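Pasting work-v6.tsv here (TSV, C-alpha atoms and all ligand atoms):
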```tsv
chain	number	residue	atom	x	y	z
Z	1	MET	CA	93.58	72.67	95.58
Z	2	THR	CA	90.36	73.67	97.28
Z	3	PRO	CA	87.54	71.09	97.43
Z	4	ILE	CA	84.10	72.32	96.38
Z	5	SER	CA	80.95	70.61	97.64
Z	6	ASN	CA	79.90	69.16	94.28
Z	7	GLY	CA	83.04	67.04	94.18
Z	8	LEU	CA	84.88	69.27	91.67
Z	9	HIS	CA	88.24	70.69	92.62
Z	10	PHE	CA	89.33	74.20	91.77
Z	11	SER	CA	92.81	75.65	92.11
Z	12	THR	CA	93.13	78.93	94.00
Z	13	SER	CA	93.66	80.76	90.69
Z	14	HIS	CA	90.33	79.33	89.41
Z	15	LEU	CA	88.74	80.68	92.57
Z	16	ALA	CA	90.41	84.06	92.09
Z	17	ALA	CA	89.00	84.15	88.57
Z	18	ALA	CA	85.57	83.29	89.96
Z	19	TYR	CA	85.88	86.20	92.41
Z	20	GLY	CA	86.97	88.49	89.58
Z	21	ASP	CA	90.12	89.30	91.56
Z	22	GLU	CA	93.68	88.97	90.37
Z	23	PRO	CA	95.39	86.13	92.21
Z	24	ASP	CA	97.59	87.70	94.88
Z	25	HIS	CA	100.88	85.82	95.30
Z	26	SER	CA	102.45	88.51	97.46
Z	27	GLY	CA	100.82	87.31	100.68
Z	28	ALA	CA	99.49	90.86	101.17
Z	29	ARG	CA	96.14	91.29	102.90
Z	30	ALA	CA	93.26	91.62	100.43
Z	31	LYS	CA	91.68	95.01	99.71
Z	32	PRO	CA	88.52	95.49	101.79
Z	33	LEU	CA	85.22	95.30	99.92
Z	34	THR	CA	83.17	98.43	100.50
Z	35	ALA	CA	79.49	99.09	99.81
Z	36	PRO	CA	80.35	101.02	96.59
Z	37	ARG	CA	82.54	98.11	95.40
Z	38	ILE	CA	79.68	95.65	96.03
Z	39	ARG	CA	77.35	97.95	94.10
Z	40	GLU	CA	79.79	98.02	91.17
Z	41	MET	CA	79.74	94.22	90.96
Z	42	LYS	CA	76.27	94.27	89.39
Z	43	GLY	CA	76.47	92.75	85.92
Z	44	LYS	CA	80.13	91.73	86.41
Z	45	ARG	CA	79.96	88.67	88.62
Z	46	ARG	CA	77.61	87.15	91.16
Z	47	ILE	CA	78.03	88.09	94.81
Z	48	ALA	CA	78.45	85.33	97.43
Z	49	CYS	CA	77.06	86.23	100.85
Z	50	LEU	CA	76.46	84.28	104.05
Z	51	THR	CA	75.51	85.11	107.61
Z	52	ALA	CA	78.23	85.06	110.29
Z	53	TYR	CA	77.94	85.53	114.03
Z	54	ASP	CA	81.40	84.90	115.53
Z	55	ALA	CA	85.09	85.46	114.84
Z	56	PRO	CA	86.40	81.94	114.05
Z	57	THR	CA	83.59	81.25	111.57
Z	58	ALA	CA	83.97	84.69	110.00
Z	59	ARG	CA	87.68	83.95	109.35
Z	60	ILE	CA	86.79	80.66	107.67
Z	61	LEU	CA	84.26	82.47	105.45
Z	62	GLU	CA	86.81	85.15	104.56
Z	63	ASN	CA	89.40	82.51	103.61
Z	64	ALA	CA	86.77	80.78	101.47
Z	65	GLY	CA	86.33	84.02	99.51
Z	66	LEU	CA	82.89	85.21	100.64
Z	67	ASP	CA	82.11	88.78	99.58
Z	68	VAL	CA	79.56	89.85	102.19
Z	69	LEU	CA	79.14	88.63	105.78
Z	70	LEU	CA	75.79	89.59	107.25
Z	71	VAL	CA	75.56	89.58	111.02
Z	72	GLY	CA	71.89	88.67	110.66
Z	73	ASP	CA	69.22	88.84	113.34
Z	74	SER	CA	68.64	85.18	112.36
Z	75	LEU	CA	71.23	84.87	115.17
Z	76	GLU	CA	68.28	84.89	117.54
Z	77	MET	CA	66.93	81.70	115.93
Z	78	VAL	CA	69.97	79.67	114.92
Z	79	VAL	CA	72.29	80.55	117.83
Z	80	TYR	CA	69.90	81.48	120.65
Z	81	GLY	CA	67.16	78.98	119.75
Z	82	ALA	CA	64.16	81.35	119.42
Z	83	SER	CA	61.31	80.67	116.99
Z	84	ASP	CA	61.53	84.13	115.36
Z	85	THR	CA	63.97	87.04	115.13
Z	86	LEU	CA	61.97	89.57	117.13
Z	87	GLY	CA	63.85	89.17	120.42
Z	88	ALA	CA	67.27	90.01	118.94
Z	89	SER	CA	68.40	93.00	121.01
Z	90	LEU	CA	70.59	95.76	119.64
Z	91	ASP	CA	73.20	95.17	122.38
Z	92	ARG	CA	73.44	91.49	121.49
Z	93	MET	CA	73.61	92.20	117.75
Z	94	VAL	CA	76.40	94.74	118.24
Z	95	VAL	CA	78.46	92.31	120.35
Z	96	HIS	CA	78.26	89.66	117.61
Z	97	ALA	CA	78.91	92.27	114.91
Z	98	ARG	CA	82.10	93.30	116.72
Z	99	ALA	CA	83.31	89.68	116.82
Z	100	VAL	CA	82.81	89.36	113.05
Z	101	GLY	CA	83.88	92.90	112.12
Z	102	SER	CA	87.14	92.62	114.08
Z	103	ALA	CA	88.02	89.22	112.61
Z	104	VAL	CA	88.03	89.88	108.86
Z	105	THR	CA	89.51	92.31	106.35
Z	106	ARG	CA	88.16	91.63	102.84
Z	107	PRO	CA	84.44	90.82	103.10
Z	108	LEU	CA	81.94	93.61	103.60
Z	109	VAL	CA	80.50	93.12	107.08
Z	110	VAL	CA	76.87	94.24	107.30
Z	111	GLY	CA	75.05	94.65	110.63
Z	112	ASP	CA	71.39	93.67	110.59
Z	113	MET	CA	69.29	96.29	112.41
Z	114	PRO	CA	67.01	94.34	114.78
Z	115	TYR	CA	63.30	94.83	115.38
Z	116	LEU	CA	62.42	98.21	116.97
Z	117	SER	CA	65.90	99.67	116.43
Z	118	TYR	CA	64.67	101.80	113.47
Z	119	HIS	CA	60.86	101.78	113.74
Z	120	THR	CA	60.38	104.77	116.07
Z	121	THR	CA	62.19	107.92	114.93
Z	122	PRO	CA	64.82	108.55	112.24
Z	123	GLU	CA	67.09	109.99	114.97
Z	124	GLU	CA	66.96	106.76	116.94
Z	125	ALA	CA	67.56	104.79	113.74
Z	126	VAL	CA	70.74	106.79	113.08
Z	127	ARG	CA	72.02	106.39	116.63
Z	128	ASN	CA	71.40	102.62	116.50
Z	129	ALA	CA	72.90	102.19	113.02
Z	130	GLY	CA	75.93	104.14	114.25
Z	131	ARG	CA	76.53	101.56	116.97
Z	132	PHE	CA	77.06	98.87	114.30
Z	133	ILE	CA	79.70	101.09	112.68
Z	134	VAL	CA	81.48	102.44	115.78
Z	135	GLU	CA	81.23	99.50	118.20
Z	136	GLY	CA	80.43	96.64	115.80
Z	137	ARG	CA	83.13	97.48	113.18
Z	138	CYS	CA	80.62	96.97	110.34
Z	139	ARG	CA	80.85	98.94	107.09
Z	140	ALA	CA	77.10	98.94	106.37
Z	141	VAL	CA	73.74	98.08	107.93
Z	142	LYS	CA	70.67	96.24	106.64
Z	143	VAL	CA	67.13	97.48	107.18
Z	144	GLU	CA	63.98	95.42	106.53
Z	145	GLY	CA	60.93	96.88	104.83
Z	146	GLY	CA	59.70	98.94	101.90
Z	147	ARG	CA	58.26	102.46	101.60
Z	148	LYS	CA	57.32	102.70	105.31
Z	149	ARG	CA	61.01	102.56	106.23
Z	150	LEU	CA	62.16	105.30	103.85
Z	151	PRO	CA	62.47	108.05	106.53
Z	152	ALA	CA	64.73	105.81	108.64
Z	153	ILE	CA	66.76	104.69	105.61
Z	154	ARG	CA	67.25	108.28	104.38
Z	155	ALA	CA	68.36	109.43	107.83
Z	156	ILE	CA	70.90	106.57	108.14
Z	157	LEU	CA	72.24	107.31	104.65
Z	158	ASP	CA	72.49	111.02	105.60
Z	159	ALA	CA	74.73	109.96	108.47
Z	160	GLU	CA	77.11	108.44	105.84
Z	161	ILE	CA	76.21	104.85	106.67
Z	162	PRO	CA	75.60	102.58	103.64
Z	163	VAL	CA	72.28	100.74	103.78
Z	164	MET	CA	71.33	97.38	102.30
Z	165	GLY	CA	67.55	97.09	101.79
Z	166	HIS	CA	65.50	93.93	102.41
Z	167	ILE	CA	62.06	93.33	100.87
Z	168	GLY	CA	59.75	90.41	100.08
Z	169	LEU	CA	59.44	88.25	103.20
Z	170	THR	CA	60.70	90.48	106.01
Z	171	PRO	CA	60.91	88.18	109.07
Z	172	GLN	CA	60.52	91.09	111.53
Z	173	SER	CA	56.97	91.51	110.10
Z	174	VAL	CA	56.10	87.86	110.81
Z	175	HIS	CA	53.01	88.70	112.88
Z	176	ALA	CA	51.71	91.31	110.43
Z	177	LEU	CA	52.28	88.91	107.50
Z	178	GLY	CA	50.61	86.01	109.35
Z	179	GLY	CA	53.69	83.76	109.22
Z	180	PHE	CA	56.85	83.10	107.22
Z	181	LYS	CA	55.20	83.01	103.80
Z	182	VAL	CA	56.30	83.54	100.20
Z	183	GLN	CA	55.49	87.15	99.23
Z	184	GLY	CA	54.51	88.67	95.87
Z	185	ARG	CA	52.70	85.68	94.38
Z	186	LYS	CA	49.68	87.81	93.42
Z	187	ARG	CA	50.12	90.46	90.75
Z	188	ALA	CA	49.21	93.42	93.01
Z	189	ASP	CA	51.68	92.27	95.70
Z	190	ALA	CA	54.37	91.73	93.09
Z	191	MET	CA	53.81	95.28	91.75
Z	192	ARG	CA	54.08	96.70	95.29
Z	193	ILE	CA	57.38	94.84	95.86
Z	194	LEU	CA	58.74	96.10	92.53
Z	195	ASP	CA	57.70	99.65	93.44
Z	196	ASP	CA	59.30	99.32	96.90
Z	197	ALA	CA	62.53	98.15	95.24
Z	198	ARG	CA	62.59	101.26	93.01
Z	199	ARG	CA	61.86	103.59	95.94
Z	200	LEU	CA	64.60	102.10	98.11
Z	201	VAL	CA	67.09	102.34	95.27
Z	202	ASP	CA	66.07	105.96	94.60
Z	203	ALA	CA	66.71	106.66	98.29
Z	204	GLY	CA	70.24	105.28	97.90
Z	205	VAL	CA	70.50	101.66	99.13
Z	206	PHE	CA	73.62	99.97	97.69
Z	207	ALA	CA	72.04	96.48	97.44
Z	208	LEU	CA	68.70	94.83	98.00
Z	209	VAL	CA	67.94	91.51	99.69
Z	210	LEU	CA	64.93	89.77	98.08
Z	211	GLU	CA	63.61	87.09	100.41
Z	212	CYS	CA	61.09	84.38	99.49
Z	213	VAL	CA	59.57	85.86	96.35
Z	214	PRO	CA	58.75	84.06	93.09
Z	215	ALA	CA	61.78	83.67	90.81
Z	216	GLU	CA	60.03	85.64	88.02
Z	217	LEU	CA	59.47	88.62	90.31
Z	218	ALA	CA	63.10	88.53	91.52
Z	219	ALA	CA	64.25	88.48	87.88
Z	220	ARG	CA	62.04	91.48	87.14
Z	221	VAL	CA	63.35	93.47	90.12
Z	222	THR	CA	66.93	92.52	89.24
Z	223	GLU	CA	66.43	93.87	85.72
Z	224	ALA	CA	64.67	97.02	86.95
Z	225	VAL	CA	67.20	98.28	89.51
Z	226	PRO	CA	70.81	99.41	89.07
Z	227	VAL	CA	72.02	97.88	92.36
Z	228	PRO	CA	72.71	94.19	93.06
Z	229	THR	CA	69.83	92.05	94.25
Z	230	ILE	CA	70.82	89.40	96.80
Z	231	GLY	CA	68.37	86.52	96.77
Z	232	ILE	CA	67.32	84.10	99.49
Z	233	GLY	CA	64.54	81.87	98.23
Z	234	ALA	CA	64.25	84.20	95.22
Z	235	GLY	CA	65.53	82.01	92.39
Z	236	PRO	CA	68.64	82.11	90.22
Z	237	ALA	CA	68.33	85.48	88.46
Z	238	CYS	CA	69.50	87.61	91.40
Z	239	ASP	CA	72.91	89.30	91.30
Z	240	GLY	CA	73.98	87.40	94.41
Z	241	GLN	CA	72.76	84.87	96.94
Z	242	ILE	CA	72.68	84.65	100.72
Z	243	LEU	CA	71.84	81.79	103.08
Z	244	VAL	CA	71.81	81.44	106.83
Z	245	LEU	CA	75.11	79.70	107.61
Z	246	HIS	CA	73.67	77.23	110.13
Z	247	ASP	CA	71.00	76.11	107.63
Z	248	MET	CA	73.45	75.40	104.80
Z	249	LEU	CA	75.90	73.60	107.10
Z	250	GLY	CA	73.26	71.32	108.63
Z	251	LEU	CA	73.48	72.98	112.04
Z	252	ALA	CA	69.86	74.05	112.40
Z	253	PRO	CA	68.53	72.87	115.80
Z	254	GLY	CA	66.83	69.43	115.65
Z	255	GLY	CA	63.17	69.60	114.67
Z	256	THR	CA	63.56	72.95	112.89
Z	257	ARG	CA	61.86	73.07	109.50
Z	258	VAL	CA	64.48	74.19	107.00
Z	259	PRO	CA	62.93	76.05	104.03
Z	260	ARG	CA	63.09	74.39	100.62
Z	261	PHE	CA	65.39	77.08	99.20
Z	262	VAL	CA	68.20	75.95	101.52
Z	263	ARG	CA	70.80	73.72	99.89
Z	264	ARG	CA	72.73	71.64	102.45
Z	265	TYR	CA	76.45	71.96	101.72
Z	266	ALA	CA	77.55	69.99	104.80
Z	267	ASP	CA	76.12	67.93	107.62
Z	268	LEU	CA	78.00	69.43	110.54
Z	269	GLY	CA	75.21	68.57	112.97
Z	270	ASN	CA	75.86	64.86	112.42
Z	271	ALA	CA	79.63	65.35	112.28
Z	272	ILE	CA	79.55	67.05	115.70
Z	273	HIS	CA	77.21	64.39	117.09
Z	274	GLU	CA	79.57	61.60	115.97
Z	275	ALA	CA	82.66	63.38	117.32
Z	276	VAL	CA	81.26	64.13	120.78
Z	277	SER	CA	79.65	60.67	121.11
Z	278	ARG	CA	83.06	59.07	120.42
Z	279	TYR	CA	84.67	61.45	122.93
Z	280	ALA	CA	82.14	60.52	125.65
Z	281	LEU	CA	82.70	56.81	124.95
Z	282	GLU	CA	86.48	57.17	125.12
Z	283	VAL	CA	86.35	59.19	128.36
Z	284	ARG	CA	84.16	56.54	129.98
Z	285	SER	CA	86.30	53.64	128.76
Z	286	GLY	CA	89.56	55.35	129.79
Z	287	TYR	CA	90.83	55.36	126.16
Z	288	PHE	CA	91.13	59.16	126.34
Z	289	PRO	CA	93.54	60.66	127.28
Z	290	SER	CA	96.51	58.52	126.23
Z	291	GLU	CA	100.07	58.81	127.49
Z	292	ALA	CA	100.92	60.96	124.46
Z	293	GLU	CA	98.16	63.37	125.49
Z	294	SER	CA	99.50	63.63	129.08
Z	295	TYR	CA	102.48	65.37	130.70
Z	296	GLU	CA	105.30	63.73	132.65
Z	297	ALA	CA	106.82	65.08	135.82
Z	298	GLU	CA	110.51	66.11	135.74
Z	299	PRO	CA	112.74	63.27	136.87
Z	300	GLU	CA	113.88	63.93	140.42
Z	301	GLU	CA	117.56	65.03	140.65
Z	302	PRO	CA	119.66	63.00	143.08
Z	303	ALA	CA	120.18	65.49	145.96
Z	304	LYS	CA	123.79	66.64	146.50
Z	305	ARG	CA	123.93	66.68	150.26
Z	306	THR	CA	126.50	68.44	152.40
Z	307	SER	CA	126.33	68.48	156.14
Z	308	ALA	CA	124.94	72.09	155.80
Z	309	THR	CA	122.06	71.05	153.48
Z	310	PRO	CA	118.81	70.56	155.41
Z	311	THR	CA	116.81	67.45	154.59
Z	312	PRO	CA	114.12	68.54	152.03
Z	313	GLU	CA	110.38	68.20	152.74
Z	314	PRO	CA	108.82	65.41	150.64
Z	315	ARG	CA	107.07	67.01	147.55
Z	316	THR	CA	103.55	66.22	146.53
Z	317	GLU	CA	102.86	65.41	142.84
Z	318	ALA	CA	101.11	68.76	142.33
Z	319	SER	CA	103.88	70.84	143.87
Z	320	SER	CA	106.53	69.03	141.81
Z	321	LEU	CA	104.64	70.00	138.63
Z	322	VAL	CA	104.36	73.63	139.65
Z	323	GLY	CA	107.71	74.13	141.36
F	401	LIG	O1	68.84	87.74	109.50
F	401	LIG	C1	69.25	87.21	108.46
F	401	LIG	O2	70.02	86.25	108.48
F	401	LIG	C2	68.78	87.76	107.19
F	401	LIG	C3	69.19	87.07	105.93
F	401	LIG	C4	68.70	85.71	105.84
F	401	LIG	C5	68.89	87.86	104.73
F	401	LIG	O3	68.12	88.76	107.19
```
Can you give me the file's structure in the form of structure tokens?
Amino acid sequence: MTPISNGLHFSTSHLAAAYGDEPDHSGARAKPLTAPRIREMKGKRRIACLTAYDAPTARILENAGLDVLLVGDSLEMVVYGASDTLGASLDRMVVHARAVGSAVTRPLVVGDMPYLSYHTTPEEAVRNAGRFIVEGRCRAVKVEGGRKRLPAIRAILDAEIPVMGHIGLTPQSVHALGGFKVQGRKRADAMRILDDARRLVDAGVFALVLECVPAELAARVTEAVPVPTIGIGAGPACDGQILVLHDMLGLAPGGTRVPRFVRRYADLGNAIHEAVSRYALEVRSGYFPSEAESYEAEPEEPAKRTSATPTPEPRTEASSLVG
């Protein structure tokens, strides 16, 4: 049985039904989810996505049945401690993408194109997107922005790389937007976001992240486009949801303001604090390590001496362990 955070317990076959997959009792590795398969999920079942930045966590997310793992440039904030995503370099993003992309089979791994990796020329956008595929082992990339980004998006798609769009609050535009603010509250802004959604879908994106927009607008976009919408702070009507892993696990650095759309599914920050405090206490008191956590030396063999055997040198403790 697999525990779920609301206290309910589901069997693995319940979970398989929730994924829309047949339970696989053969032990065979699951079929990889591709961008076209994610696109086909629209209207069938909701898509569960999270960010991932390293191999061990990515494996846990795969085993928990996540559909999409986004190697998000939120990495810069939640792992590297910055106050925005703008400093995430392409080299750094590709290294983390490779850790995630090499670790999992079933989830679709999407590389998040960082600031300035697609804003100059379409050629540069293609070369940079290609690094996520070739070096980062991703099967798609995500690009922030609406109509202004269409030349870059078209060029990446022309290079056979699936693109996930991202509109609403686009954190790489934080300075232009004047902060991390809900977008599309006014009618004209909402209409522009809806129009951007249609244009991106016409260009060929396979899914669309809607970040921090009113729930009514997200519902309208979801109804208007034939590809899945993946919401973050965009209400319940989207075809899927994504959160930043560190936020939902209670790992956001102390003092960070966590947005109201984040539901805390665990308090790992406190769990880690308790564990390492106990460890420090036990090291200082000598309670750790115990005898069971230590190694013994081999008992010394009584030496069989003949007159020809030279008297051995006395052995130090270290050499008796090694030798
Ligand atoms: O960088 C990121 O993690 C993201 C998601 C929150 C959508 O862009």
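Of the listed residues (Z:Ile133, Z:Leu116, Z:Ala125, Z:Leu157), Z:Leu116 comes nearest to Ser89 in chain Z; the distances count only C-alpha atoms.
Between Arg127 in chain Z and the residues Z:Glu62, Z:Asp158, Z:Glu282, Z:Glu274, the shortest atom-to-atom distance, using only C-alpha atoms, involves Z:Asp158.
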(message) Taking all atoms listed in the file into account, which residues have an atom no farther than 9 Å from ligand LIG 401 (chain F)? I'd like them as a PyMOL selection string.
(response) chain Z and resi 50-52+70-76+85+112+114+142-144+166+170-171+209-211+230-232+242-245
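Residues in contact with range 252-257 of chain Z at 8 Å, where all atoms listed in the file are counted and same-chain residues fewer than 5 positions away are skipped, are listed as Val78, Gly81, His246, Asp247 and Gly269 of chain Z.
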(request) Can you work out the spacing between CA of Asp196 in chain Z and CA of Gly145 in chain Z in Å, to one decimal? (result) 8.5 Å
Find the residues of range 23-141 of chain Z that sit at most 12 Å from range 214-229 of chain Z; for each, write down the nearest two atoms and how far apart they are in Å, to one decimal. Count all atoms listed in the file. Sort by chain, then by number going up, and give it as JSON lines.
```
{"residue": "Z:Ala35", "atom": "CA", "partner": "Z:Val227", "partner_atom": "CA", "distance": 10.6}
{"residue": "Z:Pro36", "atom": "CA", "partner": "Z:Val227", "partner_atom": "CA", "distance": 9.9}
{"residue": "Z:Arg37", "atom": "CA", "partner": "Z:Pro228", "partner_atom": "CA", "distance": 10.8}
{"residue": "Z:Ile38", "atom": "CA", "partner": "Z:Pro228", "partner_atom": "CA", "distance": 7.7}
{"residue": "Z:Arg39", "atom": "CA", "partner": "Z:Val227", "partner_atom": "CA", "distance": 5.6}
{"residue": "Z:Glu40", "atom": "CA", "partner": "Z:Val227", "partner_atom": "CA", "distance": 7.9}
{"residue": "Z:Met41", "atom": "CA", "partner": "Z:Pro228", "partner_atom": "CA", "distance": 7.3}
{"residue": "Z:Lys42", "atom": "CA", "partner": "Z:Pro228", "partner_atom": "CA", "distance": 5.1}
{"residue": "Z:Gly43", "atom": "CA", "partner": "Z:Pro228", "partner_atom": "CA", "distance": 8.2}
{"residue": "Z:Lys44", "atom": "CA", "partner": "Z:Pro228", "partner_atom": "CA", "distance": 10.3}
{"residue": "Z:Arg45", "atom": "CA", "partner": "Z:Pro228", "partner_atom": "CA", "distance": 10.1}
{"residue": "Z:Arg46", "atom": "CA", "partner": "Z:Pro228", "partner_atom": "CA", "distance": 8.8}
{"residue": "Z:Ile47", "atom": "CA", "partner": "Z:Pro228", "partner_atom": "CA", "distance": 8.3}
{"residue": "Z:Ala48", "atom": "CA", "partner": "Z:Thr229", "partner_atom": "CA", "distance": 11.4}
{"residue": "Z:Cys49", "atom": "CA", "partner": "Z:Thr229", "partner_atom": "CA", "distance": 11.4}
```
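Of the residues under consideration (Z:Gly204, Z:Gly184, Z:Pro302, Z:Gly240), Z:Gly204 shows the shortest atom-to-atom contact distance to Met164 in chain Z when counting only C-alpha atoms.
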(request) One decimal, Å: what's the distance from CA of Tyr115 in chain Z over to CA of His175 in chain Z, could you say? (result) 12.2 Å
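Residue nearest Val109 in chain Z within the list Z:Val94, Z:Val126, Z:Val174, Z:Leu200: Z:Val94 [criterion: smallest interatomic distance, all atoms listed in the file].
Separating CA of Gly235 in chain Z from CA of Arg260 in chain Z is a distance of 11.5 Å.
The nearest approach to Val68 in chain Z among the residues Z:Ala190, Z:Ser290, Z:Gly250, Z:Pro107, with all atoms listed in the file taken into account, belongs to Z:Pro107.
Comparing Z:Ile161, Z:Leu208, Z:Ile272, Z:Leu33 by their smallest distance to Cys238 in chain Z, the closest is Z:Leu208 (using all atoms listed in the file).
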Using all atoms of range 223-238 of chain Z that appear in the file, construct an axis-aligned enclosing box with 4 Å of padding on every side and provide its centre coordinates and edge lengths in Å, rounded to one decimal, as JSON.
```
{"center_x": 68.5, "center_y": 90.6, "center_z": 92.6, "size_x": 16.5, "size_y": 25.5, "size_z": 21.8}
```
